[in-house]
$ cat protein-v5.cif   # mmCIF, C-alpha atoms
data_run
#
loop_
_atom_site.label_atom_id
_atom_site.label_comp_id
_atom_site.auth_asym_id
_atom_site.auth_seq_id
_atom_site.Cartn_x
_atom_site.Cartn_y
_atom_site.Cartn_z
CA MET U 1 0.00 0.00 0.00
CA ALA U 2 1.23 3.50 -0.84
CA ASN U 3 2.52 5.71 1.90
CA PRO U 4 -0.11 8.50 2.27
CA THR U 5 2.67 11.08 2.59
CA GLN U 6 4.67 9.78 -0.38
CA PRO U 7 4.91 12.30 -3.24
CA ILE U 8 2.59 11.73 -6.17
CA ARG U 9 4.16 12.01 -9.61
CA LEU U 10 1.83 13.60 -12.15
CA ILE U 11 2.17 13.26 -15.90
CA GLU U 12 0.12 15.88 -17.71
CA CYS U 13 -0.92 14.57 -21.15
CA PRO U 14 -1.90 17.36 -23.56
CA ARG U 15 -0.73 15.12 -26.42
CA ASP U 16 -3.39 12.56 -25.55
CA ALA U 17 -5.97 15.31 -25.14
CA MET U 18 -5.24 16.98 -28.48
CA GLN U 19 -4.39 14.12 -30.83
CA GLY U 20 -7.99 13.10 -31.52
CA ILE U 21 -9.20 16.61 -32.40
CA ASN U 22 -9.93 16.80 -36.13
CA GLU U 23 -9.45 20.54 -36.53
CA PHE U 24 -5.70 21.24 -36.60
CA ILE U 25 -4.58 23.33 -33.65
CA PRO U 26 -2.03 25.91 -34.89
CA THR U 27 1.53 25.21 -33.84
CA GLU U 28 1.85 28.53 -32.03
CA VAL U 29 -1.33 27.84 -30.06
CA LYS U 30 -0.09 24.40 -29.03
CA ALA U 31 3.26 25.81 -27.94
CA GLY U 32 1.60 28.62 -26.00
CA TYR U 33 -0.53 26.13 -24.09
CA LEU U 34 2.43 23.85 -23.40
CA ASN U 35 4.46 26.80 -22.12
CA LYS U 36 1.72 27.50 -19.58
CA LEU U 37 1.75 23.84 -18.51
CA LEU U 38 5.53 23.91 -18.12
CA LYS U 39 5.21 26.60 -15.45
CA VAL U 40 2.86 24.53 -13.28
CA GLY U 41 5.44 22.09 -11.97
CA PHE U 42 4.24 18.73 -13.27
CA ASP U 43 6.79 15.95 -13.09
CA TYR U 44 6.38 15.11 -16.76
CA LEU U 45 4.65 16.64 -19.76
CA ASP U 46 3.47 14.17 -22.42
CA PHE U 47 3.59 16.90 -25.02
CA GLY U 48 3.82 15.33 -28.48
CA SER U 49 4.67 12.32 -30.59
CA PHE U 50 6.90 11.27 -33.43
CA VAL U 51 4.54 9.05 -35.39
CA SER U 52 3.15 8.96 -38.91
CA PRO U 53 1.49 12.29 -39.75
CA LYS U 54 -1.10 10.31 -41.71
CA ALA U 55 -2.02 8.37 -38.58
CA ILE U 56 -2.00 11.32 -36.17
CA PRO U 57 -2.05 14.56 -38.20
CA GLN U 58 -2.56 16.67 -35.07
CA MET U 59 0.96 15.75 -33.90
CA SER U 60 2.69 16.31 -37.23
CA ASP U 61 4.23 19.56 -35.95
CA THR U 62 5.84 18.17 -32.78
CA ALA U 63 9.35 19.10 -33.96
CA ASP U 64 8.23 22.68 -34.67
CA VAL U 65 6.48 22.87 -31.30
CA ILE U 66 9.69 21.94 -29.49
CA ARG U 67 11.49 24.91 -30.99
CA LEU U 68 8.86 27.26 -29.52
CA LEU U 69 9.01 25.94 -25.96
CA ASP U 70 10.47 28.08 -23.19
CA LEU U 71 12.41 25.58 -21.09
CA LYS U 72 14.46 28.06 -19.05
CA ASP U 73 14.32 27.18 -15.33
CA VAL U 74 11.85 24.36 -16.05
CA GLU U 75 12.15 21.13 -14.08
CA THR U 76 9.29 19.33 -15.81
CA GLU U 77 10.61 16.60 -18.10
CA LEU U 78 9.34 16.37 -21.68
CA LEU U 79 7.91 13.00 -22.75
CA ALA U 80 7.36 12.13 -26.41
CA ILE U 81 5.51 9.09 -27.72
CA VAL U 82 6.95 6.98 -30.55
CA GLY U 83 5.48 4.00 -32.36
CA ASN U 84 8.61 2.52 -33.90
CA MET U 85 12.37 2.95 -34.16
CA ARG U 86 12.07 5.52 -36.94
CA GLY U 87 10.07 7.76 -34.63
CA ALA U 88 12.52 7.13 -31.80
CA GLU U 89 15.49 8.13 -33.93
CA ARG U 90 13.66 11.33 -34.85
CA ALA U 91 12.97 12.06 -31.18
CA MET U 92 16.63 11.51 -30.34
CA GLU U 93 17.53 14.52 -32.48
CA PHE U 94 16.11 16.79 -29.77
CA ASP U 95 18.02 17.29 -26.54
CA GLU U 96 14.85 18.83 -25.12
CA VAL U 97 13.11 15.44 -25.08
CA ASP U 98 13.88 13.71 -21.78
CA VAL U 99 11.65 10.63 -21.93
CA ILE U 100 10.48 8.32 -24.70
CA GLY U 101 7.11 6.60 -24.33
CA TYR U 102 6.23 3.45 -26.26
CA PRO U 103 2.75 1.84 -26.48
CA PHE U 104 3.16 -1.91 -25.98
CA SER U 105 0.07 -4.06 -25.41
CA VAL U 106 -0.91 -7.53 -24.26
CA SER U 107 -3.65 -7.41 -26.92
CA GLU U 108 -2.35 -8.54 -30.31
CA THR U 109 -5.36 -7.04 -32.06
CA PHE U 110 -4.79 -3.62 -30.50
CA LEU U 111 -1.11 -3.65 -31.43
CA GLN U 112 -1.99 -4.40 -35.04
CA ARG U 113 -4.53 -1.57 -35.07
CA ASN U 114 -2.44 0.92 -33.16
CA ILE U 115 1.13 0.48 -34.44
CA ASN U 116 0.85 -2.37 -36.97
CA SER U 117 2.90 -4.73 -34.83
CA THR U 118 2.76 -8.15 -33.20
CA ILE U 119 3.45 -8.72 -29.51
CA GLU U 120 6.81 -10.36 -30.20
CA SER U 121 7.87 -7.66 -32.65
CA SER U 122 6.77 -4.99 -30.17
CA LEU U 123 8.86 -6.59 -27.42
CA GLU U 124 11.87 -6.50 -29.71
CA THR U 125 11.20 -2.82 -30.42
CA ALA U 126 11.03 -2.16 -26.67
CA LEU U 127 14.47 -3.74 -26.27
CA GLN U 128 15.88 -1.68 -29.11
CA LEU U 129 14.38 1.46 -27.60
CA GLN U 130 15.92 0.66 -24.23
CA ASN U 131 19.35 0.28 -25.82
CA LEU U 132 18.96 3.49 -27.80
CA CYS U 133 17.80 5.44 -24.75
CA GLU U 134 20.79 4.22 -22.75
CA VAL U 135 23.16 5.40 -25.47
CA LYS U 136 21.42 8.78 -25.86
CA GLY U 137 20.91 9.39 -22.12
CA LYS U 138 17.11 9.40 -22.19
CA ASP U 139 14.57 7.57 -20.05
CA LEU U 140 12.01 5.11 -21.37
CA VAL U 141 8.48 4.38 -20.20
CA ILE U 142 6.56 1.44 -21.64
CA TYR U 143 2.77 1.76 -21.69
CA VAL U 144 0.96 -1.56 -21.43
CA SER U 145 -2.23 -0.80 -23.34
CA MET U 146 -5.33 -2.91 -22.69
CA ALA U 147 -3.72 -3.93 -19.39
CA PHE U 148 -7.13 -4.55 -17.79
CA GLY U 149 -8.87 -6.29 -20.68
CA ASN U 150 -9.82 -5.60 -24.29
CA PRO U 151 -12.94 -5.48 -26.47
CA TYR U 152 -11.58 -7.84 -29.13
CA GLY U 153 -11.85 -11.19 -27.39
CA ASP U 154 -8.07 -11.53 -27.04
CA MET U 155 -7.08 -13.64 -24.04
CA TRP U 156 -6.55 -11.62 -20.87
CA ASP U 157 -5.89 -12.29 -17.22
CA PRO U 158 -3.48 -10.81 -14.66
CA ASP U 159 -0.97 -13.63 -15.22
CA ILE U 160 -0.72 -12.77 -18.91
CA VAL U 161 0.04 -9.16 -18.02
CA ALA U 162 2.56 -10.28 -15.40
CA HIS U 163 4.26 -12.55 -17.96
CA TYR U 164 4.91 -9.71 -20.38
CA VAL U 165 5.87 -7.30 -17.61
CA ASP U 166 8.42 -9.89 -16.51
CA ARG U 167 9.86 -9.98 -20.02
CA LEU U 168 10.07 -6.18 -20.10
CA VAL U 169 11.69 -5.97 -16.67
CA SER U 170 14.21 -8.66 -17.68
CA GLU U 171 15.36 -6.24 -20.40
CA ASP U 172 16.00 -3.55 -17.76
CA ILE U 173 12.82 -1.55 -18.45
CA GLU U 174 12.45 0.46 -15.25
CA THR U 175 9.16 2.33 -15.77
CA ILE U 176 5.92 0.68 -16.87
CA SER U 177 2.53 2.38 -17.02
CA LEU U 178 -0.62 0.25 -17.06
CA ALA U 179 -3.26 1.69 -19.37
CA ASP U 180 -7.01 1.24 -19.02
CA THR U 181 -7.30 1.94 -22.74
CA VAL U 182 -11.06 1.68 -23.22
CA GLY U 183 -12.08 2.60 -19.69
CA THR U 184 -13.51 -0.75 -18.66
CA ALA U 185 -11.22 -1.63 -15.74
CA SER U 186 -12.95 -2.45 -12.48
CA PRO U 187 -11.52 -1.25 -9.17
CA GLU U 188 -11.05 -4.90 -8.21
CA ASN U 189 -8.93 -5.64 -11.28
CA VAL U 190 -6.94 -2.44 -10.82
CA ARG U 191 -6.18 -3.23 -7.19
CA MET U 192 -5.36 -6.88 -7.92
CA LEU U 193 -3.03 -6.19 -10.84
CA PHE U 194 -1.09 -3.34 -9.24
CA SER U 195 -0.75 -5.27 -5.98
CA GLN U 196 0.60 -8.32 -7.79
CA LEU U 197 3.05 -6.44 -10.01
CA ILE U 198 4.36 -4.08 -7.33
CA GLU U 199 5.02 -7.04 -5.06
CA ASP U 200 6.62 -9.16 -7.78
CA PHE U 201 8.75 -6.35 -9.26
CA PRO U 202 9.66 -4.06 -6.35
CA LYS U 203 12.42 -2.22 -8.26
CA THR U 204 10.10 -1.27 -11.14
CA SER U 205 8.20 2.03 -11.17
CA PHE U 206 4.56 1.40 -12.09
CA GLY U 207 2.16 4.08 -13.23
CA GLY U 208 -1.52 4.26 -14.11
CA HIS U 209 -2.96 5.76 -17.28
CA PHE U 210 -6.71 5.54 -16.82
CA HIS U 211 -9.58 6.39 -19.11
CA ALA U 212 -12.91 6.72 -17.38
CA ARG U 213 -16.32 8.30 -17.46
CA PRO U 214 -16.48 11.41 -15.24
CA ASP U 215 -18.23 9.49 -12.45
CA ARG U 216 -15.85 6.49 -12.47
CA TRP U 217 -12.37 7.99 -12.22
CA GLU U 218 -11.95 8.09 -8.45
CA GLU U 219 -12.61 4.43 -7.74
CA LYS U 220 -9.83 3.47 -10.16
CA ILE U 221 -7.35 6.00 -8.76
CA ASP U 222 -8.16 4.88 -5.21
CA ALA U 223 -7.67 1.22 -6.10
CA ALA U 224 -4.30 1.88 -7.76
CA PHE U 225 -3.09 4.13 -4.96
CA GLU U 226 -4.13 1.69 -2.26
CA ALA U 227 -2.14 -0.99 -4.10
CA GLY U 228 0.97 1.18 -4.06
CA CYS U 229 0.85 3.19 -7.29
CA THR U 230 1.96 6.82 -6.95
CA ARG U 231 2.47 7.73 -10.63
CA PHE U 232 -0.64 8.95 -12.49
CA ASP U 233 -1.39 10.36 -15.94
CA GLY U 234 -4.08 12.97 -16.40
CA ALA U 235 -5.26 15.61 -18.83
CA ILE U 236 -6.76 18.95 -17.90
CA LEU U 237 -10.54 18.93 -18.42
CA GLY U 238 -10.43 15.17 -19.00
CA PHE U 239 -10.06 15.39 -22.77
CA GLY U 240 -8.61 12.56 -24.82
CA GLY U 241 -9.03 8.86 -24.41
CA CYS U 242 -9.15 6.02 -26.88
CA PRO U 243 -11.31 6.47 -30.03
CA MET U 244 -12.11 2.75 -29.84
CA ALA U 245 -13.97 3.33 -26.57
CA GLU U 246 -16.88 4.50 -28.73
CA ASP U 247 -18.11 6.61 -25.84
CA GLU U 248 -17.35 10.32 -25.88
CA LEU U 249 -17.56 10.43 -22.08
CA VAL U 250 -14.67 7.98 -21.69
CA GLY U 251 -11.76 10.40 -21.61
CA ASN U 252 -8.62 10.84 -19.58
CA VAL U 253 -8.81 11.36 -15.85
CA ALA U 254 -9.15 15.12 -15.38
CA THR U 255 -5.99 16.53 -13.84
CA GLU U 256 -8.10 18.90 -11.73
CA ASN U 257 -9.53 15.86 -9.96
CA LEU U 258 -6.07 14.47 -9.24
CA VAL U 259 -4.90 17.85 -7.97
CA ASN U 260 -7.93 18.21 -5.71
CA LYS U 261 -7.49 14.67 -4.42
CA PHE U 262 -3.78 14.68 -3.66
CA GLY U 263 -2.91 18.35 -3.35
CA VAL U 264 -4.54 18.95 0.02
CA SER U 265 -2.33 16.35 1.69
CA GLY U 266 0.88 17.95 0.49
CA GLN U 267 1.67 15.14 -1.97
CA LEU U 268 1.88 17.57 -4.88
CA LYS U 269 4.22 20.51 -5.34
CA LEU U 270 2.47 22.60 -7.97
CA ASP U 271 2.11 26.32 -8.58
CA MET U 272 -1.64 26.54 -8.15
CA GLU U 273 -1.87 30.01 -9.67
CA LYS U 274 -0.14 28.77 -12.83
CA PHE U 275 -2.34 25.68 -12.77
CA ALA U 276 -5.47 27.83 -12.76
CA GLU U 277 -4.10 29.76 -15.74
CA ALA U 278 -3.45 26.50 -17.59
CA VAL U 279 -6.99 25.27 -16.92
CA ALA U 280 -8.38 28.53 -18.30
CA ALA U 281 -6.16 28.20 -21.38
CA ALA U 282 -7.33 24.62 -21.91
CA GLY U 283 -10.91 25.83 -21.98
CA GLU U 284 -10.02 28.11 -24.89
CA ILE U 285 -8.21 25.39 -26.83
CA PHE U 286 -10.92 22.80 -26.35
CA HIS U 287 -13.72 25.35 -26.77
CA ILE U 288 -15.25 24.84 -23.34
#
$ encode --input "protein-v5.cif" --output "structure tokens"
Amino acid sequence: MANPTQPIRLIECPRDAMQGINEFIPTEVKAGYLNKLLKVGFDYLDFGSFVSPKAIPQMSDTADVIRLLDLKDVETELLAIVGNMRGAERAMEFDEVDVIGYPFSVSETFLQRNINSTIESSLETALQLQNLCEVKGKDLVIYVSMAFGNPYGDMWDPDIVAHYVDRLVSEDIETISLADTVGTASPENVRMLFSQLIEDFPKTSFGGHFHARPDRWEEKIDAAFEAGCTRFDGAILGFGGCPMAEDELVGNVATENLVNKFGVSGQLKLDMEKFAEAVAAAGEIFHI
């Protein structure tokens, strides 16, 4: 169980919030929003991705966005998502990028749909990414998509997840985030899986990337936290989520909820004035 006074690490995910928006957000607008987020004091900012512009056109300007970021006196680390080695090599060109994120999955069907890969091929890519990150001095986080089940009928149980986590950890992957990709995880499954993995792999840092309806977020966060997880992804206003959820209410966990939940106990060190400014700016970007 997590220590109630242990610091919570927050990953703000504007990339996840913006990537599904059809209308292209101008590069300068994206950068302006990200610059506001950088002043808040999040641990990490999942700000962009180096993937096919045909697949995710909204993120086609990530390289241009980087050049407009004001990183002076900023401690927040920049996290970029890649879907293959080509994207990783592109990300490596930027010293500003601190962390590479890669979407693995225990669902073969999802991997084929998401990054056109098999499980075995994706594991090999994870190993190559780990080696590349070590050489380039960057960190790596592996996202285990569909960690709590999938809508395709692919086999799933906690032991399957543990098997693939074991293979990742054996390749020296130190940070793994479990993703409730379509928002169907139950608190019982969340608690059971985090408890099992944290006990079995005590040197590994586990995070939670949850998608949920607005009235279901807290039970998942509580279950993960009670099992020992202290690393959480969120997106201001709860935008984003998986298009395959087929439910517009299944978005990211709203960062405001995480801040309200953990901030009062001193587990977060954020500039609340800057956070309020970022929330207001998000409302303008997402037309709220």
$ residues_near_point --input "protein-v5.cif" --point "(-12.7, 21.5, -17.9)" --cutoff "12 Å" --atoms "only C-alpha atoms" --output "NGL selection string"
:U and (17 or 214 or 235-239 or 251-257 or 276 or 278-288)
$ resolve_selection --input "protein-v5.cif" --expression "the PyMOL selection byres ((chain U and resi 194-208) around 7)" --output "PDB file with C-alpha atoms, in the frame of the given file"
ATOM      1  CA  ALA U 162       2.560 -10.280 -15.400  1.00  0.00           C
ATOM      2  CA  GLU U 174      12.450   0.460 -15.250  1.00  0.00           C
ATOM      3  CA  THR U 175       9.160   2.330 -15.770  1.00  0.00           C
ATOM      4  CA  ILE U 176       5.920   0.680 -16.870  1.00  0.00           C
ATOM      5  CA  SER U 177       2.530   2.380 -17.020  1.00  0.00           C
ATOM      6  CA  LEU U 178      -0.620   0.250 -17.060  1.00  0.00           C
ATOM      7  CA  ALA U 179      -3.260   1.690 -19.370  1.00  0.00           C
ATOM      8  CA  VAL U 190      -6.940  -2.440 -10.820  1.00  0.00           C
ATOM      9  CA  ARG U 191      -6.180  -3.230  -7.190  1.00  0.00           C
ATOM     10  CA  MET U 192      -5.360  -6.880  -7.920  1.00  0.00           C
ATOM     11  CA  LEU U 193      -3.030  -6.190 -10.840  1.00  0.00           C
ATOM     12  CA  HIS U 209      -2.960   5.760 -17.280  1.00  0.00           C
ATOM     13  CA  PHE U 210      -6.710   5.540 -16.820  1.00  0.00           C
ATOM     14  CA  ALA U 224      -4.300   1.880  -7.760  1.00  0.00           C
ATOM     15  CA  ALA U 227      -2.140  -0.990  -4.100  1.00  0.00           C
ATOM     16  CA  GLY U 228       0.970   1.180  -4.060  1.00  0.00           C
ATOM     17  CA  CYS U 229       0.850   3.190  -7.290  1.00  0.00           C
ATOM     18  CA  THR U 230       1.960   6.820  -6.950  1.00  0.00           C
ATOM     19  CA  ARG U 231       2.470   7.730 -10.630  1.00  0.00           C
ATOM     20  CA  PHE U 232      -0.640   8.950 -12.490  1.00  0.00           C
ATOM     21  CA  ASP U 233      -1.390  10.360 -15.940  1.00  0.00           C
TER      22      ASP U 233
END
$ resolve_selection --input "protein-v5.cif" --expression "the PyMOL selection byres ((chain U and resi 11) around 9)" --output "ChimeraX atom specification"
/U:9-10,12-13,42-46,79,231-235
$ residues_around --input "protein-v5.cif" --residues "segment 144-153 of chain U" --least-positions-apart "6" --cutoff "6 Å" --atoms "all atoms listed in the file" --output "PyMOL selection string"
chain U and resi 104-105+178-181+185
$ resolve_selection --input "protein-v5.cif" --expression "the PyMOL selection byres ((chain U and resi 33-35) around 9)" --output "number ranges by chain"
U: 14, 28-32, 36-39, 45, 47, 65, 68-71, 278, 281-282, 285
$ residues_around --input "protein-v5.cif" --residues "Pro187 of chain U" --least-positions-apart "5" --cutoff "6 Å" --atoms "all atoms listed in the file" --output "list in words"
Glu219, Lys220 and Ala223 of chain U
$ write_last_selection --input "protein-v5.cif" --atoms "C-alpha atoms" --output "PDB file, in the frame of the given file"
ATOM      1  CA  GLU U 219     -12.610   4.430  -7.740  1.00  0.00           C
ATOM      2  CA  LYS U 220      -9.830   3.470 -10.160  1.00  0.00           C
ATOM      3  CA  ALA U 223      -7.670   1.220  -6.100  1.00  0.00           C
TER       4      ALA U 223
END
$ atom_distance --input "protein-v5.cif" --atom1 "atom CA of Asp95 of chain U" --atom2 "atom CA of Leu140 of chain U"
14.5 Å
$ closest_residue --input "protein-v5.cif" --among "U:Gly101, U:Pro26, U:Pro7, U:Gly137" --to "Gly48 of chain U" --atoms "only C-alpha atoms"
U:Gly101
$ atom_distance --input "protein-v5.cif" --atom1 "atom CA of Val250 of chain U" --atom2 "atom CA of Gly20 of chain U"
12.9 Å
$ atom_distance --input "protein-v5.cif" --atom1 "atom CA of Met92 of chain U" --atom2 "atom CA of Ser60 of chain U"
16.3 Å
$ closest_residue --input "protein-v5.cif" --among "U:Val97, U:Leu78, U:Ile25, U:Val259" --to "Asp61 of chain U" --atoms "only C-alpha atoms"
U:Ile25
$ residues_around --input "protein-v5.cif" --residues "Pro53 of chain U" --least-positions-apart "4" --cutoff "12 Å" --atoms "all atoms listed in the file" --output "ChimeraX atom specification"
/U:19,24,48-49,57-63,82-83,87
$ closest_residue --input "protein-v5.cif" --among "U:Leu168, U:Met155, U:Val135, U:Val141" --to "Glu120 of chain U" --atoms "all atoms listed in the file"
U:Leu168
$ closest_residue --input "protein-v5.cif" --among "U:Asp154, U:Asp73, U:Glu124, U:Glu89" --to "Phe50 of chain U" --atoms "all atoms listed in the file"
U:Glu89
$ residues_around --input "protein-v5.cif" --residues "Thr125 of chain U" --least-positions-apart "4" --cutoff "7 Å" --atoms "all atoms listed in the file" --output "ChimeraX atom specification"
/U:84-85,121,129
$ closest_residue --input "protein-v5.cif" --among "U:Trp217, U:Tyr102, U:Phe275, U:Trp156" --to "Cys133 of chain U" --atoms "all atoms listed in the file"
U:Tyr102
$ decode --input "protein-v5.cif" --residues "segment 220-237 of chain U" --atoms "N, CA, C and O atoms" --output "short mmCIF file (atom, residue, chain, number, x, y, z; two decimals), in the first residue's frame"
data_model
loop_
_atom_site.label_atom_id
_atom_site.label_comp_id
_atom_site.auth_asym_id
_atom_site.auth_seq_id
_atom_site.Cartn_x
_atom_site.Cartn_y
_atom_site.Cartn_z
N LYS U 220 -11.01 4.08 -9.56
CA LYS U 220 -9.83 3.47 -10.16
C LYS U 220 -8.55 4.05 -9.56
O LYS U 220 -7.60 3.31 -9.27
N ILE U 221 -8.52 5.36 -9.38
CA ILE U 221 -7.35 6.00 -8.76
C ILE U 221 -7.17 5.49 -7.34
O ILE U 221 -6.04 5.17 -6.92
N ASP U 222 -8.25 5.39 -6.59
CA ASP U 222 -8.16 4.88 -5.21
C ASP U 222 -7.61 3.46 -5.19
O ASP U 222 -6.74 3.13 -4.36
N ALA U 223 -8.11 2.62 -6.08
CA ALA U 223 -7.67 1.22 -6.10
C ALA U 223 -6.18 1.12 -6.42
O ALA U 223 -5.45 0.36 -5.78
N ALA U 224 -5.72 1.91 -7.39
CA ALA U 224 -4.30 1.88 -7.76
C ALA U 224 -3.43 2.42 -6.63
O ALA U 224 -2.38 1.85 -6.29
N PHE U 225 -3.87 3.52 -6.03
CA PHE U 225 -3.09 4.13 -4.96
C PHE U 225 -3.01 3.22 -3.75
O PHE U 225 -1.94 3.05 -3.14
N GLU U 226 -4.12 2.60 -3.40
CA GLU U 226 -4.13 1.69 -2.26
C GLU U 226 -3.23 0.49 -2.49
O GLU U 226 -2.71 -0.10 -1.53
N ALA U 227 -3.01 0.14 -3.77
CA ALA U 227 -2.14 -0.99 -4.10
C ALA U 227 -0.68 -0.58 -4.19
O ALA U 227 0.19 -1.43 -4.36
N GLY U 228 -0.41 0.73 -4.08
CA GLY U 228 0.97 1.18 -4.06
C GLY U 228 1.41 2.05 -5.21
O GLY U 228 2.57 2.49 -5.27
N CYS U 229 0.50 2.34 -6.15
CA CYS U 229 0.85 3.19 -7.29
C CYS U 229 0.84 4.66 -6.89
O CYS U 229 -0.12 5.13 -6.26
N THR U 230 1.90 5.39 -7.26
CA THR U 230 1.96 6.82 -6.95
C THR U 230 2.30 7.65 -8.19
O THR U 230 2.66 8.82 -8.08
N ARG U 231 2.18 7.04 -9.36
CA ARG U 231 2.47 7.73 -10.63
C ARG U 231 1.19 7.70 -11.47
O ARG U 231 0.70 6.62 -11.82
N PHE U 232 0.64 8.89 -11.78
CA PHE U 232 -0.64 8.95 -12.49
C PHE U 232 -0.59 9.92 -13.66
O PHE U 232 -0.04 11.01 -13.56
N ASP U 233 -1.21 9.50 -14.78
CA ASP U 233 -1.39 10.36 -15.94
C ASP U 233 -2.75 11.04 -15.85
O ASP U 233 -3.72 10.45 -15.37
N GLY U 234 -2.81 12.26 -16.34
CA GLY U 234 -4.08 12.97 -16.40
C GLY U 234 -4.04 13.98 -17.53
O GLY U 234 -2.99 14.24 -18.12
N ALA U 235 -5.18 14.55 -17.83
CA ALA U 235 -5.26 15.61 -18.83
C ALA U 235 -6.27 16.64 -18.35
O ALA U 235 -7.38 16.28 -17.94
N ILE U 236 -5.88 17.88 -18.36
CA ILE U 236 -6.76 18.95 -17.90
C ILE U 236 -8.09 18.90 -18.67
O ILE U 236 -8.11 18.72 -19.89
N LEU U 237 -9.16 18.99 -17.93
CA LEU U 237 -10.54 18.93 -18.42
C LEU U 237 -10.96 17.53 -18.84
O LEU U 237 -12.09 17.33 -19.29
#
